[in-house]
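J.: Structure file entry06.txt (compact mmCIF, C-alpha atoms) right here:
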```
# COMPACT_ATOMS: atom_id res chain seq x y z
CA MET A 990 18.94 23.33 31.23
CA ALA A 991 15.22 23.38 31.58
CA LYS A 992 13.54 24.54 28.45
CA SER A 993 10.26 26.37 28.20
CA LEU A 994 7.32 24.49 26.73
CA ALA A 995 7.51 26.49 23.53
CA GLN A 996 11.17 25.60 23.16
CA GLU A 997 10.41 21.89 23.45
CA PHE A 998 8.14 22.26 20.46
CA VAL A 999 10.26 24.57 18.35
CA LYS A 1000 13.51 22.65 18.74
CA GLY A 1001 12.15 19.87 16.54
CA LEU A 1002 11.61 22.32 13.72
CA TRP A 1003 15.17 23.56 13.39
CA ASP A 1004 17.73 22.82 16.13
CA GLU A 1005 16.99 19.11 16.26
CA VAL A 1006 15.19 18.53 12.98
CA PRO A 1007 15.65 14.76 12.62
CA PRO A 1008 17.11 14.03 9.17
CA PHE A 1009 19.33 17.10 8.94
CA ARG A 1010 20.51 17.80 12.49
CA LEU A 1011 20.27 14.45 14.23
CA VAL A 1012 20.80 12.59 10.92
CA LEU A 1013 18.38 9.91 12.10
CA GLY A 1014 15.74 7.89 10.31
CA LEU A 1015 17.34 8.20 6.90
CA CYS A 1016 15.87 5.01 5.46
CA PRO A 1017 12.36 6.41 4.81
CA VAL A 1018 13.81 9.85 4.07
CA LEU A 1019 15.79 8.50 1.15
CA ALA A 1020 13.31 5.90 0.01
CA VAL A 1021 9.93 7.61 -0.13
CA THR A 1022 10.82 11.15 -1.20
CA LYS A 1023 10.13 10.59 -4.88
CA SER A 1024 7.10 12.83 -4.73
CA VAL A 1025 5.83 15.45 -2.31
CA GLU A 1026 2.66 13.44 -1.75
CA ASN A 1027 4.68 10.45 -0.47
CA GLY A 1028 6.66 12.78 1.77
CA ILE A 1029 3.51 14.26 3.31
CA GLY A 1030 1.94 10.83 3.83
CA MET A 1031 5.04 9.35 5.39
CA GLY A 1032 5.63 12.44 7.53
CA LEU A 1033 2.10 12.53 8.90
CA ALA A 1034 2.13 8.80 9.63
CA THR A 1035 5.41 9.16 11.53
CA THR A 1036 4.15 12.22 13.39
CA PHE A 1037 1.05 10.37 14.54
CA VAL A 1038 3.14 7.45 15.81
CA LEU A 1039 5.64 9.79 17.47
CA VAL A 1040 3.01 11.80 19.32
CA CYS A 1041 0.99 8.80 20.46
CA SER A 1042 3.97 6.73 21.55
CA ASN A 1043 5.59 9.70 23.31
CA VAL A 1044 2.41 10.40 25.29
CA LEU A 1045 1.89 6.76 26.24
CA VAL A 1046 5.52 6.09 27.11
CA SER A 1047 5.66 9.24 29.20
CA SER A 1048 2.47 8.45 31.10
CA LEU A 1049 3.67 4.89 31.79
CA ARG A 1050 7.25 5.88 32.58
CA LYS A 1051 6.89 5.15 36.31
CA VAL A 1052 5.27 1.77 35.72
CA ILE A 1053 7.62 0.35 33.08
CA PRO A 1054 10.55 -1.50 34.70
CA SER A 1055 13.81 -0.19 33.28
CA LYS A 1056 15.10 -3.63 32.30
CA VAL A 1057 12.29 -4.28 29.84
CA ARG A 1058 11.70 -0.69 28.80
CA ILE A 1059 12.86 -1.19 25.20
CA ALA A 1060 10.52 -4.15 24.78
CA CYS A 1061 7.65 -2.08 26.19
CA PHE A 1062 8.46 0.86 23.91
CA ILE A 1063 8.53 -1.41 20.87
CA VAL A 1064 5.14 -2.93 21.77
CA ILE A 1065 3.66 0.56 22.10
CA ILE A 1066 5.23 1.85 18.89
CA ALA A 1067 4.31 -1.27 16.90
CA THR A 1068 0.70 -0.94 18.04
CA PHE A 1069 0.41 2.61 16.76
CA VAL A 1070 2.19 1.78 13.53
CA THR A 1071 -0.30 -1.01 12.87
CA VAL A 1072 -3.13 1.41 13.59
CA VAL A 1073 -1.71 3.81 10.99
CA GLU A 1074 -1.28 0.97 8.51
CA LEU A 1075 -4.89 -0.18 8.87
CA VAL A 1076 -6.32 3.32 8.70
CA MET A 1077 -4.22 4.17 5.66
CA GLN A 1078 -5.34 1.00 3.90
CA ALA A 1079 -8.94 1.81 4.63
CA PHE A 1080 -8.92 5.48 3.65
CA ALA A 1081 -5.92 6.15 1.38
CA TYR A 1082 -5.22 2.88 -0.40
CA PRO A 1083 -3.28 4.33 -3.38
CA LEU A 1084 -0.93 6.10 -0.96
CA PHE A 1085 -0.54 2.88 0.98
CA LEU A 1086 0.45 1.08 -2.22
CA LYS A 1087 3.12 3.69 -2.92
CA LEU A 1088 4.59 3.78 0.59
CA GLY A 1089 4.27 0.00 0.89
CA ILE A 1090 6.85 -1.59 3.16
CA PHE A 1091 7.96 1.74 4.63
CA ILE A 1092 4.83 2.09 6.75
CA PRO A 1093 5.47 -1.06 8.82
CA LEU A 1094 9.11 -0.01 8.94
CA ILE A 1095 8.22 3.04 11.04
CA VAL A 1096 8.44 0.56 13.94
CA VAL A 1097 12.21 0.44 13.56
CA ASN A 1098 12.59 4.13 12.72
CA CYS A 1099 15.20 5.24 15.19
CA ILE A 1100 13.60 8.68 15.59
CA VAL A 1101 10.53 7.17 17.22
CA LEU A 1102 12.38 4.84 19.56
CA GLY A 1103 14.98 7.53 20.15
CA ARG A 1104 12.41 10.06 21.36
CA SER A 1105 10.77 7.46 23.62
CA GLU A 1106 14.09 6.50 25.16
CA ALA A 1107 15.79 9.87 25.31
CA PHE A 1108 12.87 12.14 26.03
CA ALA A 1109 9.47 10.68 26.85
CA SER A 1110 10.76 8.24 29.46
CA LYS A 1111 12.29 11.13 31.42
CA ASN A 1112 9.76 13.94 30.95
CA GLY A 1113 6.15 14.73 31.69
CA VAL A 1114 3.22 13.91 29.42
CA PHE A 1115 2.61 17.41 28.08
CA ARG A 1116 6.27 18.06 27.35
CA SER A 1117 6.51 14.71 25.58
CA LEU A 1118 3.47 15.57 23.51
CA LEU A 1119 5.06 18.85 22.40
CA ASP A 1120 8.36 17.13 21.76
CA GLY A 1121 6.72 14.46 19.61
CA LEU A 1122 4.69 17.02 17.72
CA GLY A 1123 7.71 19.25 17.09
CA ILE A 1124 9.99 16.45 15.94
CA GLY A 1125 7.19 14.96 13.85
CA ILE A 1126 6.40 18.21 12.08
CA GLY A 1127 10.11 18.86 11.58
CA PHE A 1128 10.45 15.40 10.06
CA THR A 1129 7.44 15.99 7.80
CA LEU A 1130 8.80 19.35 6.62
CA SER A 1131 12.21 17.84 5.90
CA LEU A 1132 10.60 15.09 3.87
CA ILE A 1133 8.54 17.64 1.96
CA ALA A 1134 11.60 19.81 1.30
CA LEU A 1135 13.68 16.92 0.04
CA ALA A 1136 10.79 15.47 -1.96
CA ALA A 1137 9.99 18.85 -3.52
CA VAL A 1138 13.55 19.28 -4.80
CA ARG A 1139 13.74 15.71 -6.10
CA GLU A 1140 10.34 15.73 -7.73
CA LEU A 1141 10.76 19.18 -9.24
CA PHE A 1142 13.97 18.30 -11.02
CA GLY A 1143 13.36 14.58 -11.41
CA SER A 1144 9.97 14.71 -13.06
CA GLY A 1145 9.20 18.42 -13.40
CA THR A 1146 6.05 18.16 -11.28
CA LEU A 1147 4.88 18.75 -7.74
CA THR A 1148 2.30 16.35 -6.34
CA ILE A 1149 0.55 17.80 -3.32
CA TRP A 1150 -2.39 15.42 -3.37
CA VAL A 1151 -3.05 12.72 -6.00
CA THR A 1152 -2.69 14.79 -9.20
CA PRO A 1153 0.77 16.02 -10.20
CA ILE A 1154 1.01 19.72 -11.04
CA GLN A 1155 3.24 20.49 -14.02
CA ILE A 1156 5.74 23.17 -13.07
CA PHE A 1157 7.94 23.28 -16.13
CA GLY A 1158 6.73 23.49 -19.70
CA PRO A 1159 6.63 20.53 -22.08
CA SER A 1160 10.17 21.22 -23.29
CA PHE A 1161 11.55 20.25 -19.85
CA LYS A 1162 13.54 17.04 -19.99
CA PRO A 1163 13.24 15.28 -16.60
CA PHE A 1164 16.51 14.84 -14.76
CA THR A 1165 15.62 11.26 -13.75
CA PHE A 1166 18.81 10.85 -11.74
CA MET A 1167 17.11 12.81 -8.96
CA ILE A 1168 14.28 10.28 -8.69
CA GLU A 1169 16.65 7.33 -8.41
CA ALA A 1170 18.37 6.24 -5.22
CA PRO A 1171 21.77 7.90 -5.85
CA GLY A 1172 19.98 11.18 -6.50
CA ALA A 1173 18.45 10.92 -3.03
CA PHE A 1174 21.89 10.66 -1.43
CA VAL A 1175 23.33 13.53 -3.43
CA CYS A 1176 20.33 15.73 -2.75
CA LEU A 1177 20.33 14.94 0.97
CA GLY A 1178 24.06 15.63 1.12
CA LEU A 1179 23.67 19.03 -0.52
CA MET A 1180 20.82 19.94 1.82
CA LEU A 1181 22.85 18.87 4.87
CA CYS A 1182 25.64 21.07 3.58
CA VAL A 1183 23.31 24.07 3.28
CA MET A 1184 21.85 23.43 6.74
CA ASN A 1185 25.31 23.25 8.31
CA PHE A 1186 26.41 26.38 6.50
CA LEU A 1187 23.35 28.28 7.74
CA GLY A 1188 23.80 26.91 11.26
CA LYS A 1189 27.40 28.13 11.52
CA LYS A 1190 26.55 31.80 11.67
CA MET B 28 12.07 -11.92 42.26
CA ARG B 29 9.56 -9.12 42.77
CA GLU B 30 11.14 -7.18 39.95
CA MET B 31 10.96 -10.22 37.72
CA ILE B 32 7.23 -10.61 38.37
CA LYS B 33 6.63 -6.93 37.76
CA MET B 34 8.40 -7.11 34.38
CA VAL B 35 6.26 -10.07 33.34
CA ILE B 36 3.05 -8.41 34.48
CA VAL B 37 3.74 -5.06 32.83
CA LEU B 38 4.69 -6.60 29.51
CA THR B 39 1.72 -8.95 29.59
CA ILE B 40 -0.78 -6.19 30.33
CA LEU B 41 0.75 -3.97 27.66
CA SER B 42 0.62 -6.72 25.05
CA CYS B 43 -2.98 -7.61 25.92
CA PHE B 44 -4.02 -4.01 25.65
CA SER B 45 -2.22 -3.66 22.33
CA GLY B 46 -3.77 -6.85 20.98
CA GLY B 47 -7.24 -5.77 22.03
CA LEU B 48 -6.94 -2.33 20.47
CA LEU B 49 -5.63 -3.72 17.19
CA ALA B 50 -8.35 -6.35 17.00
CA TYR B 51 -10.94 -3.66 17.55
CA ILE B 52 -9.54 -1.40 14.82
CA ARG B 53 -9.08 -4.31 12.44
CA ASN B 54 -12.72 -5.26 12.86
CA GLY B 55 -13.76 -1.71 12.23
CA THR B 56 -11.72 -1.22 9.07
CA GLN B 57 -11.86 -4.73 7.58
CA GLU B 58 -14.81 -4.11 5.30
CA ARG B 59 -13.47 -0.81 4.00
CA ILE B 60 -10.05 -2.33 3.35
CA ASP B 61 -11.58 -5.23 1.41
CA ASN B 62 -13.52 -2.75 -0.70
CA GLN B 63 -10.42 -0.62 -1.30
CA VAL B 64 -8.35 -3.62 -2.34
CA LEU B 65 -11.08 -4.70 -4.77
CA GLU B 66 -11.42 -1.16 -6.08
CA PHE B 67 -7.74 -0.56 -6.72
CA VAL B 68 -6.34 -4.01 -7.49
CA GLN B 69 -9.15 -5.78 -9.32
CA GLY B 70 -11.44 -2.81 -9.93
CA PRO B 71 -9.84 -1.38 -13.10
CA THR B 72 -9.71 -4.83 -14.72
CA ILE B 73 -13.33 -5.62 -13.84
CA ARG B 74 -14.57 -2.30 -15.16
CA ASN B 75 -12.58 -2.85 -18.32
CA ILE B 76 -14.19 -6.25 -18.86
CA PHE B 77 -17.70 -4.95 -18.18
CA GLU B 78 -17.31 -1.85 -20.26
CA GLY B 79 -20.64 -0.06 -20.57
CA ALA B 80 -22.24 -1.96 -17.69
CA SER B 81 -25.12 -0.07 -16.11
CA ASN B 82 -24.39 -1.31 -12.58
CA ASP B 83 -21.33 -1.22 -10.36
CA PRO B 84 -19.89 -4.74 -10.68
CA ILE B 85 -17.72 -4.29 -7.60
CA VAL B 86 -20.71 -3.66 -5.39
CA ASP B 87 -22.84 -6.38 -6.98
CA ARG B 88 -20.75 -9.33 -5.98
CA PHE B 89 -21.34 -12.61 -4.23
CA THR B 90 -19.21 -15.45 -2.98
CA LEU B 91 -19.50 -19.15 -3.64
CA LYS B 92 -17.60 -22.10 -2.25
CA ASP B 93 -15.66 -23.96 -4.93
CA GLY B 94 -14.12 -26.99 -3.27
CA ASP B 95 -11.97 -25.55 -0.51
CA VAL B 96 -11.65 -22.01 -1.81
CA GLU B 97 -14.25 -19.32 -1.55
CA ARG B 98 -14.42 -17.35 -4.78
CA THR B 99 -15.84 -13.91 -5.32
CA PHE B 100 -18.00 -13.39 -8.39
CA PHE B 101 -18.77 -9.99 -9.88
CA VAL B 102 -21.98 -9.42 -11.79
CA GLY B 103 -22.24 -7.11 -14.77
CA VAL B 104 -25.51 -5.77 -16.16
CA LEU B 105 -24.99 -5.34 -19.91
CA ASN B 106 -27.61 -3.91 -22.26
CA GLY B 107 -30.14 -3.95 -19.47
CA GLU B 108 -29.83 -7.57 -18.44
CA PRO B 109 -27.50 -9.25 -15.96
CA ARG B 110 -25.52 -11.55 -18.18
CA GLY B 111 -21.89 -10.96 -17.29
CA ILE B 112 -19.96 -12.72 -14.56
CA ALA B 113 -16.32 -12.18 -13.67
CA PHE B 114 -14.04 -13.94 -11.25
CA GLU B 115 -10.35 -14.43 -10.65
CA THR B 116 -8.25 -17.51 -11.34
CA SER B 117 -4.53 -17.93 -11.57
CA GLY B 118 -1.90 -19.73 -13.61
CA LYS B 119 1.74 -20.53 -13.00
CA GLY B 120 3.88 -17.83 -14.58
CA TYR B 121 7.60 -17.24 -14.80
CA GLY B 122 7.83 -15.29 -11.55
CA GLY B 123 4.99 -16.89 -9.56
CA ASP B 124 1.24 -16.94 -9.89
CA VAL B 125 -0.38 -14.77 -12.52
CA GLY B 126 -3.83 -13.64 -11.40
CA LEU B 127 -6.37 -13.36 -14.17
CA MET B 128 -9.80 -11.78 -14.03
CA VAL B 129 -12.06 -13.64 -16.47
CA GLY B 130 -15.37 -12.22 -17.65
CA ILE B 131 -17.95 -14.62 -19.06
CA ASP B 132 -21.13 -13.88 -20.95
CA ILE B 133 -23.53 -16.45 -19.51
CA LYS B 134 -26.05 -16.04 -22.30
CA ASP B 135 -23.83 -16.53 -25.32
CA LYS B 136 -21.39 -18.79 -23.44
CA LYS B 137 -18.37 -16.83 -24.53
CA LEU B 138 -15.62 -14.77 -22.97
CA LEU B 139 -16.40 -11.10 -22.40
CA GLY B 140 -12.75 -10.42 -21.82
CA VAL B 141 -9.83 -11.17 -19.55
CA GLY B 142 -7.34 -9.01 -17.72
CA VAL B 143 -4.26 -9.73 -15.63
CA THR B 144 -4.64 -8.43 -12.06
CA THR B 145 -1.58 -9.44 -10.05
CA HIS B 146 1.72 -10.82 -11.29
CA ALA B 147 5.46 -10.85 -10.66
CA GLU B 148 6.61 -11.29 -14.27
CA THR B 149 9.66 -9.67 -15.83
CA PRO B 150 9.04 -5.99 -16.68
CA GLY B 151 9.00 -5.46 -20.42
CA MET B 152 8.57 -9.18 -21.12
CA GLY B 153 5.93 -11.14 -19.23
CA ALA B 154 4.58 -7.98 -17.62
CA ARG B 155 3.24 -7.05 -21.06
CA ALA B 156 0.46 -9.56 -20.45
CA LYS B 157 -1.01 -6.87 -18.22
CA THR B 158 0.01 -3.74 -20.08
CA ASP B 159 -0.47 -4.79 -23.71
CA PRO B 160 -4.22 -4.74 -24.44
CA GLY B 161 -3.62 -6.55 -27.72
CA PHE B 162 -2.72 -9.77 -25.96
CA ALA B 163 -5.68 -9.92 -23.58
CA GLY B 164 -7.93 -8.69 -26.39
CA GLN B 165 -7.45 -11.97 -28.25
CA PHE B 166 -9.63 -13.71 -25.69
CA THR B 167 -12.63 -11.46 -26.14
CA GLY B 168 -15.53 -13.28 -27.79
CA LEU B 169 -13.97 -16.76 -27.73
CA ALA B 170 -16.32 -19.67 -27.07
CA LEU B 171 -15.93 -21.54 -23.81
CA ASP B 172 -16.15 -25.13 -25.07
CA LYS B 173 -12.50 -25.56 -26.12
CA PRO B 174 -9.49 -25.09 -23.82
CA PHE B 175 -7.53 -21.93 -24.59
CA LYS B 176 -4.01 -22.53 -25.90
CA VAL B 177 -1.17 -20.54 -27.37
CA THR B 178 -0.28 -21.22 -31.02
CA GLN B 179 2.85 -23.19 -30.00
CA ASP B 180 0.56 -25.68 -28.26
CA GLY B 181 -1.85 -25.85 -31.18
CA GLY B 182 -4.27 -23.19 -29.99
CA GLY B 183 -5.38 -19.85 -31.34
CA ILE B 184 -3.75 -17.36 -28.97
CA ASN B 185 -0.61 -15.61 -30.16
CA ALA B 186 1.83 -15.68 -27.27
CA ILE B 187 3.69 -12.52 -26.26
CA SER B 188 7.07 -12.83 -27.94
CA GLY B 189 9.70 -13.80 -25.40
CA ALA B 190 7.11 -14.57 -22.77
CA THR B 191 5.59 -17.92 -23.69
CA ILE B 192 5.48 -19.08 -20.07
CA THR B 193 3.49 -16.06 -19.02
CA SER B 194 1.17 -16.48 -22.00
CA ARG B 195 0.61 -20.11 -21.04
CA ALA B 196 -0.17 -19.02 -17.49
CA VAL B 197 -2.86 -16.71 -18.84
CA THR B 198 -4.37 -19.33 -21.17
CA SER B 199 -4.40 -21.98 -18.43
CA ALA B 200 -6.02 -19.52 -16.01
CA ALA B 201 -8.70 -18.75 -18.60
CA THR B 202 -9.24 -22.47 -19.23
CA GLU B 203 -9.56 -23.05 -15.50
CA ALA B 204 -12.11 -20.26 -15.29
CA ALA B 205 -14.18 -21.90 -18.02
CA ALA B 206 -14.01 -25.19 -16.10
CA ILE B 207 -15.10 -23.55 -12.86
CA TYR B 208 -17.99 -21.90 -14.63
CA GLU B 209 -19.00 -25.20 -16.22
CA LYS B 210 -18.91 -26.92 -12.83
CA HIS B 211 -21.17 -24.43 -11.05
CA LYS B 212 -23.15 -23.37 -14.09
CA ALA B 213 -26.64 -23.92 -12.73
CA GLU B 214 -25.97 -22.13 -9.48
CA LEU B 215 -24.07 -19.23 -11.04
CA ASP B 216 -26.60 -18.63 -13.81
CA GLN B 217 -29.39 -18.58 -11.31
CA LYS B 218 -27.54 -16.17 -8.99
CA VAL B 219 -26.61 -13.80 -11.80
CA THR B 220 -30.07 -13.60 -13.29
CA ALA B 221 -31.41 -12.95 -9.79
CA PHE B 222 -29.55 -9.62 -9.88
CA LYS B 223 -32.41 -7.93 -11.74
CA LYS B 224 -32.32 -4.22 -11.31
```
Transcribe the structure of this file into structure tokens.

T.:
Amino acid sequence: MAKSLAQEFVKGLWDEVPPFRLVLGLCPVLAVTKSVENGIGMGLATTFVLVCSNVLVSSLRKVIPSKVRIACFIVIIATFVTVVELVMQAFAYPLFLKLGIFIPLIVVNCIVLGRSEAFASKNGVFRSLLDGLGIGIGFTLSLIALAAVRELFGSGTLTIWVTPIQIFGPSFKPFTFMIEAPGAFVCLGLMLCVMNFLGKK
Amino acid sequence: MREMIKMVIVLTILSCFSGGLLAYIRNGTQERIDNQVLEFVQGPTIRNIFEGASNDPIVDRFTLKDGDVERTFFVGVLNGEPRGIAFETSGKGYGGDVGLMVGIDIKDKKLLGVGVTTHAETPGMGARAKTDPGFAGQFTGLALDKPFKVTQDGGGINAISGATITSRAVTSAATEAAAIYEKHKAELDQKVTAFKK
């Protein structure tokens, strides 16, 4: 079932969108989606790591011995994650403070390792690039969607970059449950439900 | 055997490459990261202490060896002359070290102000040392010659109710700062006044 190049890219946006279809990488999805800004930051960081590690793994796929492939993948992924961490500290320190431990944790995000193992190690460089980009953007959009719902109801604002934008008037009483951890589960569950319902048709 | 050697070689080369790349990027971003940390962790406190300073105290800084530790000193130009110096000390709090930025007026030998920078105290209790300006405000204008103490210990600082340990951490950090200043007075005074602008 060879797919066209365009399909490799598009599948990450809907058919295999990580948190909702593959239900992978839920730890950052639940933890950082308190505001849209966090979602965008986390999504872009993951996308960068995904694309870079996919390209490198795919171009080295003939050199890496299969017995130590996981170790090699982890070295590659950890390198790019550290690059992201350093760059984010240097250029977006407040965002780094908010995302905190979840940036280094991209190393163990199963989406990244999963794409290396299941896709990049078996496909060409360009296809892997498109795959990484598609999955990464899909992941970012899912984070933004979840974060938008949680932030909108949880604090009545939307934070695209640094300053929160008030959406509701001053009489709005924030539904803080949405910002807390249980709210993340409930919200994700409802969104999964909608996605499955839409996918059935 | 051959496979074994290949595994070792591939992993070694990959790790070396990774190490090299990271070292390179770390070197390139180190200075910016240091500046960002100062700006966002200590910056607000320093600016608060040097309110109305005509320079940027975070840029005008220098380091000095104090025993084994290298301390960073921030210089504040107040009313047209460089007379403020700020640096960080720490005291033992309830949840670990409480970092305190202490500003000293080197001309009048008194405290310009203090502010808690980093801490792990209980929210709502000890954490008020950072959030309640009334507590830190008590230090402003105090002379350096006597050690700072909370009222329970016979001093003049009203402790935060329910957080005596944290309050003691802050007073001991301020006392330590005064001692450090006293120890390196000549050198510090000379360095600060050299910051004429």

J.: Can you measure CA of Thr90 in chain B to CA of Glu115 in chain B for me? One decimal in Å is fine.

T.: 11.8 Å

J.: Got a sec to pull out which chain B residues are within 9 Å of chain A, counting only C-alpha atoms, and send them as a list in words?

T.: Glu30, Lys33, Met34, Val37, Leu38, Leu41, Ser42, Ser45, Gly46, Leu48, Leu49, Ile52, Arg53, Thr56, Gln57, Glu58, Arg59, Ile60, Asp61, Asn62, Gln63, Val64 and Phe67 of chain B

J.: Would you output that residue set with C-alpha atoms, as a PDB file, keeping the file's coordinate frame?

T.:
```
ATOM      1  CA  GLU B  30      11.140  -7.180  39.950  1.00  0.00           C
ATOM      2  CA  LYS B  33       6.630  -6.930  37.760  1.00  0.00           C
ATOM      3  CA  MET B  34       8.400  -7.110  34.380  1.00  0.00           C
ATOM      4  CA  VAL B  37       3.740  -5.060  32.830  1.00  0.00           C
ATOM      5  CA  LEU B  38       4.690  -6.600  29.510  1.00  0.00           C
ATOM      6  CA  LEU B  41       0.750  -3.970  27.660  1.00  0.00           C
ATOM      7  CA  SER B  42       0.620  -6.720  25.050  1.00  0.00           C
ATOM      8  CA  SER B  45      -2.220  -3.660  22.330  1.00  0.00           C
ATOM      9  CA  GLY B  46      -3.770  -6.850  20.980  1.00  0.00           C
ATOM     10  CA  LEU B  48      -6.940  -2.330  20.470  1.00  0.00           C
ATOM     11  CA  LEU B  49      -5.630  -3.720  17.190  1.00  0.00           C
ATOM     12  CA  ILE B  52      -9.540  -1.400  14.820  1.00  0.00           C
ATOM     13  CA  ARG B  53      -9.080  -4.310  12.440  1.00  0.00           C
ATOM     14  CA  THR B  56     -11.720  -1.220   9.070  1.00  0.00           C
ATOM     15  CA  GLN B  57     -11.860  -4.730   7.580  1.00  0.00           C
ATOM     16  CA  GLU B  58     -14.810  -4.110   5.300  1.00  0.00           C
ATOM     17  CA  ARG B  59     -13.470  -0.810   4.000  1.00  0.00           C
ATOM     18  CA  ILE B  60     -10.050  -2.330   3.350  1.00  0.00           C
ATOM     19  CA  ASP B  61     -11.580  -5.230   1.410  1.00  0.00           C
ATOM     20  CA  ASN B  62     -13.520  -2.750  -0.700  1.00  0.00           C
ATOM     21  CA  GLN B  63     -10.420  -0.620  -1.300  1.00  0.00           C
ATOM     22  CA  VAL B  64      -8.350  -3.620  -2.340  1.00  0.00           C
ATOM     23  CA  PHE B  67      -7.740  -0.560  -6.720  1.00  0.00           C
TER      24      PHE B  67
END
```

J.: When you count only C-alpha atoms, which of these residues is closest to Leu1130 in chain A: A:Pro1093, A:Gly1145, A:Pro1008, A:Pro1159?

T.: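 Smallest distance to Leu1130 in chain A is found for A:Pro1008.
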
J.: Name the closest residue to Phe1009 in chain A among the candidates A:Thr1148, A:Met1031, A:Val1183, A:Ser1042; distances are taken between atoms, counting only C-alpha atoms.

T.: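 Under the stated criterion, the closest residue is A:Val1183.
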
J.: Would you kindly return, as a list in words, each protein, DNA or RNA residue with an atom no farther than 6 Å from any atom of range 101-107 of chain B, considering only C-alpha atoms and excluding same-chain residues fewer than 5 positions away?

T.: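 Here the answer would be Ala80, Ser81, Asn82, Pro84, Asp87, Arg88, Ile112 and Ala113 of chain B.
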
J.: Could the residues in this selection be saved with C-alpha atoms as a JSON list (two decimals), in the coordinates of the input?

T.:
```json
[["chain", "number", "residue", "atom", "x", "y", "z"],
["B", 80, "ALA", "CA", -22.24, -1.96, -17.69],
["B", 81, "SER", "CA", -25.12, -0.07, -16.11],
["B", 82, "ASN", "CA", -24.39, -1.31, -12.58],
["B", 84, "PRO", "CA", -19.89, -4.74, -10.68],
["B", 87, "ASP", "CA", -22.84, -6.38, -6.98],
["B", 88, "ARG", "CA", -20.75, -9.33, -5.98],
["B", 112, "ILE", "CA", -19.96, -12.72, -14.56],
["B", 113, "ALA", "CA", -16.32, -12.18, -13.67]]
```

J.: CA of Gly1089 in chain A and CA of Phe77 in chain B, how far apart in Å?

T.: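 Value for the CA of Phe77 in chain B-CA of Gly1089 in chain A distance: 29.5 Å.
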
J.: For the point (24.2, 23.2, 8.8) in the file's frame, write as JSON, numbers by chain all residues with an atom no more than 12 Å away, counting only C-alpha atoms.

T.: {"A": [1003, 1004, 1005, 1006, 1008, 1009, 1010, 1011, 1012, 1178, 1179, 1180, 1181, 1182, 1183, 1184, 1185, 1186, 1187, 1188, 1189, 1190]}

J.: So that I can check the surroundings of Ile1156 in chain A, please list as number ranges by chain every protein, DNA and RNA residue that reaches within 10 Å of it, counting only C-alpha atoms and ignoring chain neighbours fewer than 3 positions away.

T.: A: 1141-1142, 1144-1147, 1153, 1159, 1161

J.: Can you check which parts of range 100-132 of chain B lie within 12 Å of range 158-171 of chain B? Per residue, the shortest pair of atoms and distance in Å to one decimal, counting all atoms listed in the file, sorted by chain and number, as a tab-separated table.

T.:
```
residue	atom	partner	partner_atom	distance
B:Leu127	CA	B:Ala163	CA	10.0
B:Met128	CA	B:Ala163	CA	10.6
B:Val129	CA	B:Phe166	CA	9.5
B:Gly130	CA	B:Thr167	CA	9.0
B:Ile131	CA	B:Leu171	CA	8.6
B:Asp132	CA	B:Gly168	CA	8.9
```
